[in-house]
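So the structure is just underneath, and the comments pick up after that.
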Amino acid sequence: MCGIVGIIGTDPVSDRLFEGLKRLEYRGYDSAGIATIVDGRIDRRRAKGKLANLAERLREEPLPGTVGIAHTRWATHGAPTTGNAHPHATDEVAIVHNGIIENFRPLRQELEARGRTLTSETDSEVVAHLVSEAIEAGKHPREAVAAVLPRLHGAFAIAMLFPRYPDLIIGARQGAPLTVGYGEGENFLGSDAHALASLTQRIAYLDEGDWAVVERDSVQIYDRDNAPVERPIVHSGASAALVDKGNHRHFMQKEIYEQPMVVAQTLKSYLRPLEEQVALPDMAFDLAGIERVAIIACGTASYVGMIGKYWIEQFARLPVEVDVASEFRYRDPVLLPGTLGIVVSQSGETADTLAALRHMKQANVTTAGIINVPTSSMAREVDLLLPTHAGPEIGVASTKAFTCQLSVMAALAVNLARAKGRLSAADEAEIVRHLIEAPAALNEALAHDAEIEAMAHTVAAARDVLYLGRGPDYPLALEGALKLKEISYIHAEGYASGEMKHGPIALIDDNVPLIVLAPSGPLFDKTVSNMKEAQARGAQVVLISDADGIASAGEDAVATIEMPRVHPLIAPLVYAVPVQLLAYHVAVAKGTDVDQPRNLAKSVTVE
Ligand code: M6R
């Protein structure tokens, strides 16, 4: 979960490396650093904390050099200190690393037993020392890297430079992404196409086990057996423009407000309004042959999977299992023929979800991916890519990706239902009409922003908050709790409302706000009964419902948030808005770092 950039050029590189890091800050912001070769020696600037601190360091002491590597870190092994910041270096090599070297302990002991002194607490530093030893023993960096890579276990992407060989940088990948960028008289390495977008649009994605010797005028890629290989050079299409906040105070706020537009954009590519039909991209398999569905994802994306379970089971009558990706492959899941494996991911790079996808592919499961970043590893590996068109999501808290993923999940559920002969044309037309209404309903929901801001203080003072929902609004309760936890640092839990009296109701007292998600519909009365049980025990209820719901059940609530009256199908999309806005305003009231909350990174590329 770190970001890597490397440049071998003819002009000074540190400004451009820093620009690349800005594009990669979503991968981690614990510390950052740059190394270049200056007068035949490695020179480094490193700083703890956000990139602004590295910028300050570079202002104090500029870094010359036409060959360089750079890194933004999300700490795994070793605290986020300047000493643990990458690049790590010896006299012979500097390295930056994304991933985890799982066998670093025995490697470190081995190195120390040979008298080497490692100065950081990181797993990464062993790589620098192993490569360094091989070079000191007389090997060319190419041979040194070829000898060391098989000794490393775990997932990694690495970039290295060598002060005695200033005409090359070397990159390697295994389980973490790395791309090569092709320029004119200069070449690049980067964690993704986005990192290199302002440097070049011509890129090659390294395959698992590949490593690349990158010189100014040539690139040679080797596979894991050290055989020279060609990887296709493709047009990346990644935008060179850095996304800005526009008139908004935070990216999260901007992204919440973009939802009507990006949901409309996403739905446009899945709906045929005139025919009142849903359509998926062309696929190489027949949905009619699908007998069951497995949905795998992490965090917010996993709640999309849970909502998808309600929809696919209801419409297509197919059994659906939902797993968080970190549990999936280690429980050795039973994957029967006829399974459609669906991964859901904004980044397309989440390590556990990617590993789950590969696990399913190895088991010959047909796979589909609801993915926002079209150049990501998952997007390139699924059998059927179902893109969301949310655009870049910068805030760590996922907002617009969630509602776009739900839009695509609804389209997929309808397609499965039609393919299985479970949905009449009239029912499909009705669903299409409701989905078409979603962007306008999202706009109406956003119109309640000021009210939500005004009542946010009732939640901001709490130590614990509970969220309740039933049916598809239960995963939304989990999402509400996750949003609040990650950006406001208030402890929050989501429960299926019927579960309250099986334990959580013991937590209720007048200091614990209870956020109840209860759109009018078949489950409304049941949810309200559970809410009343909690109110009878002193719960301070914030009721999120439509005008009818608030009129019939809102009288004892400490606050109500009115949503437009919508069909239950699109309620999870629309009710996502107040849940996101509430977390946002509570975080602003508490003065936390909304877009880059502590300890988190946007993209989790380690297990
Ligand atoms: O990129 P992905 O959608 O695969 O990311 C999955 C989770 O890491 C992500 O949704 C995370 O839970 C968000 N910070 C939630 O707001």
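Ordered as shown in the structure tokens, chains take letters A, B, and onward, while each chain numbers its residues from 1 and ligands are numbered from 1 in the order shown.
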
Contacts of chain A with ligand 1 up to 10 Å, shortest pair per row, only C-alpha atoms and all ligand atoms, as JSON lines:
```
{"residue": "A:Ile296", "atom": "CA", "partner": "ligand 1", "partner_atom_place_in_ligand_line": "4 (O)", "distance": 9.8}
{"residue": "A:Ala297", "atom": "CA", "partner": "ligand 1", "partner_atom_place_in_ligand_line": "4 (O)", "distance": 6.4}
{"residue": "A:Cys298", "atom": "CA", "partner": "ligand 1", "partner_atom_place_in_ligand_line": "6 (C)", "distance": 4.5}
{"residue": "A:Gly299", "atom": "CA", "partner": "ligand 1", "partner_atom_place_in_ligand_line": "12 (O)", "distance": 3.3}
{"residue": "A:Thr300", "atom": "CA", "partner": "ligand 1", "partner_atom_place_in_ligand_line": "10 (O)", "distance": 3.8}
{"residue": "A:Ala301", "atom": "CA", "partner": "ligand 1", "partner_atom_place_in_ligand_line": "10 (O)", "distance": 5.0}
{"residue": "A:Ser302", "atom": "CA", "partner": "ligand 1", "partner_atom_place_in_ligand_line": "10 (O)", "distance": 7.4}
{"residue": "A:Tyr303", "atom": "CA", "partner": "ligand 1", "partner_atom_place_in_ligand_line": "10 (O)", "distance": 8.7}
{"residue": "A:Val304", "atom": "CA", "partner": "ligand 1", "partner_atom_place_in_ligand_line": "10 (O)", "distance": 9.6}
{"residue": "A:Val324", "atom": "CA", "partner": "ligand 1", "partner_atom_place_in_ligand_line": "6 (C)", "distance": 9.8}
{"residue": "A:Ala325", "atom": "CA", "partner": "ligand 1", "partner_atom_place_in_ligand_line": "4 (O)", "distance": 9.4}
{"residue": "A:Val343", "atom": "CA", "partner": "ligand 1", "partner_atom_place_in_ligand_line": "4 (O)", "distance": 8.6}
{"residue": "A:Val344", "atom": "CA", "partner": "ligand 1", "partner_atom_place_in_ligand_line": "3 (O)", "distance": 6.4}
{"residue": "A:Ser345", "atom": "CA", "partner": "ligand 1", "partner_atom_place_in_ligand_line": "3 (O)", "distance": 3.4}
{"residue": "A:Gln346", "atom": "CA", "partner": "ligand 1", "partner_atom_place_in_ligand_line": "3 (O)", "distance": 3.6}
{"residue": "A:Ser347", "atom": "CA", "partner": "ligand 1", "partner_atom_place_in_ligand_line": "1 (O)", "distance": 3.6}
{"residue": "A:Gly348", "atom": "CA", "partner": "ligand 1", "partner_atom_place_in_ligand_line": "1 (O)", "distance": 5.7}
{"residue": "A:Glu349", "atom": "CA", "partner": "ligand 1", "partner_atom_place_in_ligand_line": "1 (O)", "distance": 6.4}
{"residue": "A:Thr350", "atom": "CA", "partner": "ligand 1", "partner_atom_place_in_ligand_line": "4 (O)", "distance": 4.6}
{"residue": "A:Ala351", "atom": "CA", "partner": "ligand 1", "partner_atom_place_in_ligand_line": "4 (O)", "distance": 8.1}
{"residue": "A:Asp352", "atom": "CA", "partner": "ligand 1", "partner_atom_place_in_ligand_line": "4 (O)", "distance": 8.5}
{"residue": "A:Thr353", "atom": "CA", "partner": "ligand 1", "partner_atom_place_in_ligand_line": "4 (O)", "distance": 6.6}
{"residue": "A:Leu354", "atom": "CA", "partner": "ligand 1", "partner_atom_place_in_ligand_line": "4 (O)", "distance": 8.6}
{"residue": "A:Ile370", "atom": "CA", "partner": "ligand 1", "partner_atom_place_in_ligand_line": "3 (O)", "distance": 9.3}
{"residue": "A:Ile371", "atom": "CA", "partner": "ligand 1", "partner_atom_place_in_ligand_line": "3 (O)", "distance": 7.7}
{"residue": "A:Asn372", "atom": "CA", "partner": "ligand 1", "partner_atom_place_in_ligand_line": "3 (O)", "distance": 8.2}
{"residue": "A:Val373", "atom": "CA", "partner": "ligand 1", "partner_atom_place_in_ligand_line": "1 (O)", "distance": 8.9}
{"residue": "A:Met378", "atom": "CA", "partner": "ligand 1", "partner_atom_place_in_ligand_line": "4 (O)", "distance": 9.5}
{"residue": "A:Glu393", "atom": "CA", "partner": "ligand 1", "partner_atom_place_in_ligand_line": "1 (O)", "distance": 9.5}
{"residue": "A:Gly395", "atom": "CA", "partner": "ligand 1", "partner_atom_place_in_ligand_line": "14 (N)", "distance": 8.4}
{"residue": "A:Val396", "atom": "CA", "partner": "ligand 1", "partner_atom_place_in_ligand_line": "14 (N)", "distance": 5.1}
{"residue": "A:Ala397", "atom": "CA", "partner": "ligand 1", "partner_atom_place_in_ligand_line": "16 (O)", "distance": 3.4}
{"residue": "A:Ser398", "atom": "CA", "partner": "ligand 1", "partner_atom_place_in_ligand_line": "16 (O)", "distance": 3.8}
{"residue": "A:Thr399", "atom": "CA", "partner": "ligand 1", "partner_atom_place_in_ligand_line": "16 (O)", "distance": 6.9}
{"residue": "A:Ala401", "atom": "CA", "partner": "ligand 1", "partner_atom_place_in_ligand_line": "3 (O)", "distance": 7.6}
{"residue": "A:Phe402", "atom": "CA", "partner": "ligand 1", "partner_atom_place_in_ligand_line": "10 (O)", "distance": 8.0}
{"residue": "A:Gln405", "atom": "CA", "partner": "ligand 1", "partner_atom_place_in_ligand_line": "3 (O)", "distance": 9.3}
{"residue": "A:Glu479", "atom": "CA", "partner": "ligand 1", "partner_atom_place_in_ligand_line": "16 (O)", "distance": 8.0}
{"residue": "A:Gly480", "atom": "CA", "partner": "ligand 1", "partner_atom_place_in_ligand_line": "16 (O)", "distance": 9.6}
{"residue": "A:Leu482", "atom": "CA", "partner": "ligand 1", "partner_atom_place_in_ligand_line": "15 (C)", "distance": 6.8}
{"residue": "A:Lys483", "atom": "CA", "partner": "ligand 1", "partner_atom_place_in_ligand_line": "16 (O)", "distance": 5.8}
{"residue": "A:Leu484", "atom": "CA", "partner": "ligand 1", "partner_atom_place_in_ligand_line": "16 (O)", "distance": 9.3}
{"residue": "A:Lys485", "atom": "CA", "partner": "ligand 1", "partner_atom_place_in_ligand_line": "16 (O)", "distance": 9.5}
{"residue": "A:Glu486", "atom": "CA", "partner": "ligand 1", "partner_atom_place_in_ligand_line": "16 (O)", "distance": 7.1}
{"residue": "A:Ile487", "atom": "CA", "partner": "ligand 1", "partner_atom_place_in_ligand_line": "16 (O)", "distance": 8.7}
{"residue": "A:Gln580", "atom": "CA", "partner": "ligand 1", "partner_atom_place_in_ligand_line": "16 (O)", "distance": 9.7}
{"residue": "A:Gln596", "atom": "CA", "partner": "ligand 1", "partner_atom_place_in_ligand_line": "14 (N)", "distance": 9.9}
{"residue": "A:Pro597", "atom": "CA", "partner": "ligand 1", "partner_atom_place_in_ligand_line": "14 (N)", "distance": 9.5}
{"residue": "A:Leu600", "atom": "CA", "partner": "ligand 1", "partner_atom_place_in_ligand_line": "14 (N)", "distance": 7.4}
{"residue": "A:Ala601", "atom": "CA", "partner": "ligand 1", "partner_atom_place_in_ligand_line": "14 (N)", "distance": 7.3}
{"residue": "A:Lys602", "atom": "CA", "partner": "ligand 1", "partner_atom_place_in_ligand_line": "14 (N)", "distance": 6.0}
{"residue": "A:Ser603", "atom": "CA", "partner": "ligand 1", "partner_atom_place_in_ligand_line": "1 (O)", "distance": 5.4}
{"residue": "A:Val604", "atom": "CA", "partner": "ligand 1", "partner_atom_place_in_ligand_line": "8 (O)", "distance": 5.8}
{"residue": "A:Thr605", "atom": "CA", "partner": "ligand 1", "partner_atom_place_in_ligand_line": "1 (O)", "distance": 9.0}
```

Just the residues within 7 Å of stretch 149-158 of chain A, please, counting only C-alpha atoms, with nothing from its chain fewer than 3 positions along; format it as a PDB file with N, CA, C and O atoms, in the first residue's frame.
```pdb
ATOM      1  N   ILE A  95      16.515   1.380  -2.702  1.00  0.00           N
ATOM      2  CA  ILE A  95      15.292   0.687  -3.125  1.00  0.00           C
ATOM      3  C   ILE A  95      14.052   1.350  -2.537  1.00  0.00           C
ATOM      4  O   ILE A  95      14.095   1.929  -1.457  1.00  0.00           O
ATOM      5  N   VAL A  96      12.957   1.247  -3.296  1.00  0.00           N
ATOM      6  CA  VAL A  96      11.638   1.558  -2.752  1.00  0.00           C
ATOM      7  C   VAL A  96      10.784   0.319  -2.950  1.00  0.00           C
ATOM      8  O   VAL A  96      10.959  -0.419  -3.928  1.00  0.00           O
ATOM      9  N   HIS A  97       9.880   0.082  -2.020  1.00  0.00           N
ATOM     10  CA  HIS A  97       9.165  -1.189  -2.000  1.00  0.00           C
ATOM     11  C   HIS A  97       7.711  -0.968  -1.617  1.00  0.00           C
ATOM     12  O   HIS A  97       7.415  -0.242  -0.679  1.00  0.00           O
ATOM     13  N   ASN A  98       6.821  -1.632  -2.340  1.00  0.00           N
ATOM     14  CA  ASN A  98       5.398  -1.702  -1.977  1.00  0.00           C
ATOM     15  C   ASN A  98       5.078  -3.163  -1.742  1.00  0.00           C
ATOM     16  O   ASN A  98       5.373  -3.998  -2.600  1.00  0.00           O
ATOM     17  N   GLY A  99       4.495  -3.487  -0.588  1.00  0.00           N
ATOM     18  CA  GLY A  99       4.149  -4.880  -0.308  1.00  0.00           C
ATOM     19  C   GLY A  99       4.754  -5.318   1.007  1.00  0.00           C
ATOM     20  O   GLY A  99       5.105  -4.492   1.846  1.00  0.00           O
ATOM     21  N   ILE A 100       4.821  -6.614   1.194  1.00  0.00           N
ATOM     22  CA  ILE A 100       5.413  -7.147   2.429  1.00  0.00           C
ATOM     23  C   ILE A 100       6.354  -8.286   2.067  1.00  0.00           C
ATOM     24  O   ILE A 100       5.955  -9.225   1.361  1.00  0.00           O
ATOM     25  N   ILE A 101       7.603  -8.203   2.545  1.00  0.00           N
ATOM     26  CA  ILE A 101       8.543  -9.318   2.391  1.00  0.00           C
ATOM     27  C   ILE A 101       8.291 -10.232   3.589  1.00  0.00           C
ATOM     28  O   ILE A 101       8.741  -9.961   4.702  1.00  0.00           O
ATOM     29  N   GLU A 102       7.539 -11.301   3.366  1.00  0.00           N
ATOM     30  CA  GLU A 102       7.063 -12.097   4.503  1.00  0.00           C
ATOM     31  C   GLU A 102       8.190 -12.822   5.230  1.00  0.00           C
ATOM     32  O   GLU A 102       8.082 -13.101   6.420  1.00  0.00           O
ATOM     33  N   ASN A 103       9.262 -13.146   4.519  1.00  0.00           N
ATOM     34  CA  ASN A 103      10.381 -13.853   5.171  1.00  0.00           C
ATOM     35  C   ASN A 103      11.510 -12.893   5.577  1.00  0.00           C
ATOM     36  O   ASN A 103      12.670 -13.276   5.618  1.00  0.00           O
ATOM     37  N   VAL A 145      20.080  -8.683  -8.954  1.00  0.00           N
ATOM     38  CA  VAL A 145      18.621  -8.705  -8.787  1.00  0.00           C
ATOM     39  C   VAL A 145      18.080 -10.086  -9.147  1.00  0.00           C
ATOM     40  O   VAL A 145      17.238 -10.651  -8.430  1.00  0.00           O
ATOM     41  N   ALA A 146      18.590 -10.667 -10.228  1.00  0.00           N
ATOM     42  CA  ALA A 146      18.118 -12.004 -10.634  1.00  0.00           C
ATOM     43  C   ALA A 146      18.398 -13.027  -9.533  1.00  0.00           C
ATOM     44  O   ALA A 146      17.605 -13.947  -9.307  1.00  0.00           O
ATOM     45  N   GLY A 171      13.154  -2.562 -11.937  1.00  0.00           N
ATOM     46  CA  GLY A 171      11.887  -2.739 -11.227  1.00  0.00           C
ATOM     47  C   GLY A 171      11.506  -4.205 -11.229  1.00  0.00           C
ATOM     48  O   GLY A 171      11.896  -4.955 -12.135  1.00  0.00           O
ATOM     49  N   ALA A 172      10.756  -4.631 -10.220  1.00  0.00           N
ATOM     50  CA  ALA A 172      10.321  -6.031 -10.154  1.00  0.00           C
ATOM     51  C   ALA A 172       8.948  -6.085  -9.519  1.00  0.00           C
ATOM     52  O   ALA A 172       8.634  -5.265  -8.652  1.00  0.00           O
ATOM     53  N   ARG A 173       8.133  -7.045  -9.954  1.00  0.00           N
ATOM     54  CA  ARG A 173       6.815  -7.185  -9.323  1.00  0.00           C
ATOM     55  C   ARG A 173       6.460  -8.636  -9.059  1.00  0.00           C
ATOM     56  O   ARG A 173       6.802  -9.536  -9.832  1.00  0.00           O
ATOM     57  N   GLN A 174       5.824  -8.822  -7.922  1.00  0.00           N
ATOM     58  CA  GLN A 174       5.229 -10.119  -7.592  1.00  0.00           C
ATOM     59  C   GLN A 174       4.088  -9.837  -6.621  1.00  0.00           C
ATOM     60  O   GLN A 174       4.334  -9.479  -5.483  1.00  0.00           O
ATOM     61  N   GLY A 175       2.883  -9.913  -7.087  1.00  0.00           N
ATOM     62  CA  GLY A 175       1.723  -9.716  -6.210  1.00  0.00           C
ATOM     63  C   GLY A 175       1.365  -8.270  -5.937  1.00  0.00           C
ATOM     64  O   GLY A 175       0.395  -8.005  -5.244  1.00  0.00           O
ATOM     65  N   ALA A 176       2.136  -7.330  -6.426  1.00  0.00           N
ATOM     66  CA  ALA A 176       1.786  -5.907  -6.296  1.00  0.00           C
ATOM     67  C   ALA A 176       2.087  -5.263  -7.649  1.00  0.00           C
ATOM     68  O   ALA A 176       3.062  -5.641  -8.299  1.00  0.00           O
ATOM     69  N   PRO A 177       1.268  -4.318  -8.076  1.00  0.00           N
ATOM     70  CA  PRO A 177       1.400  -3.844  -9.456  1.00  0.00           C
ATOM     71  C   PRO A 177       2.612  -2.944  -9.699  1.00  0.00           C
ATOM     72  O   PRO A 177       3.046  -2.208  -8.820  1.00  0.00           O
ATOM     73  N   LEU A 178       3.154  -3.024 -10.912  1.00  0.00           N
ATOM     74  CA  LEU A 178       4.226  -2.123 -11.347  1.00  0.00           C
ATOM     75  C   LEU A 178       4.127  -1.987 -12.866  1.00  0.00           C
ATOM     76  O   LEU A 178       3.929  -2.987 -13.569  1.00  0.00           O
TER      77      LEU A 178
END
```

Pick the closest to A:Glu533 from A:Leu54, A:Ala70, A:Ile505, A:Ala547: which is it, counting only C-alpha atoms? A:Ile505

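One distance worth recording is that between atom CA of A:Val465 and atom CA of A:His502, which is 17.5 Å.
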
For A:Asn53, work out the shell of residues within 12 Å, counting only C-alpha atoms and skipping chain neighbours fewer than 2 positions away, then give it as a ChimeraX atom specification. /A:18,29-33,45-51,55-60,72,82

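Counting only C-alpha atoms, the residue from A:Glu276, A:Asp510, A:Glu453, A:Asp548 that sits nearest to A:Asp525 is A:Asp548.
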
Between A:His585, A:His389, A:Arg272, A:His448, which one has atoms that come closest to A:Ile436, using only C-alpha atoms? A:Arg272

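Separating atom CA of A:Arg41 from atom CA of A:Leu199 is a distance of 25.3 Å.
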
Please report, as a ChimeraX atom specification, each residue of stretch 268-419 of chain A to which DSSP assigns strand (DSSP E) when run on this structure's backbone. /A:271-272,277-278,292-297,320-324,339-345,366-371,384-387

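Among A:Leu336, A:Leu476, A:Leu24, A:Ile290, the residue with the shortest atom-to-atom distance to A:Ala417, counting only C-alpha atoms, is A:Ile290.
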
Test item, helix (DSSP H, G or I) assignment across stretch 430-494 of chain A, answer as an MDAnalysis selection string: chainID A and resid 430:446 449:460 473:488

A:Asp556, A:Tyr489, A:Pro281, A:Glu607: which is nearest A:Thr592, counting only C-alpha atoms? A:Tyr489

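In this comparison, which uses only C-alpha atoms, the residue of A:Thr90, A:Thr388, A:Asn84, A:Gln362 approaching A:Ser124 most closely is A:Asn84.
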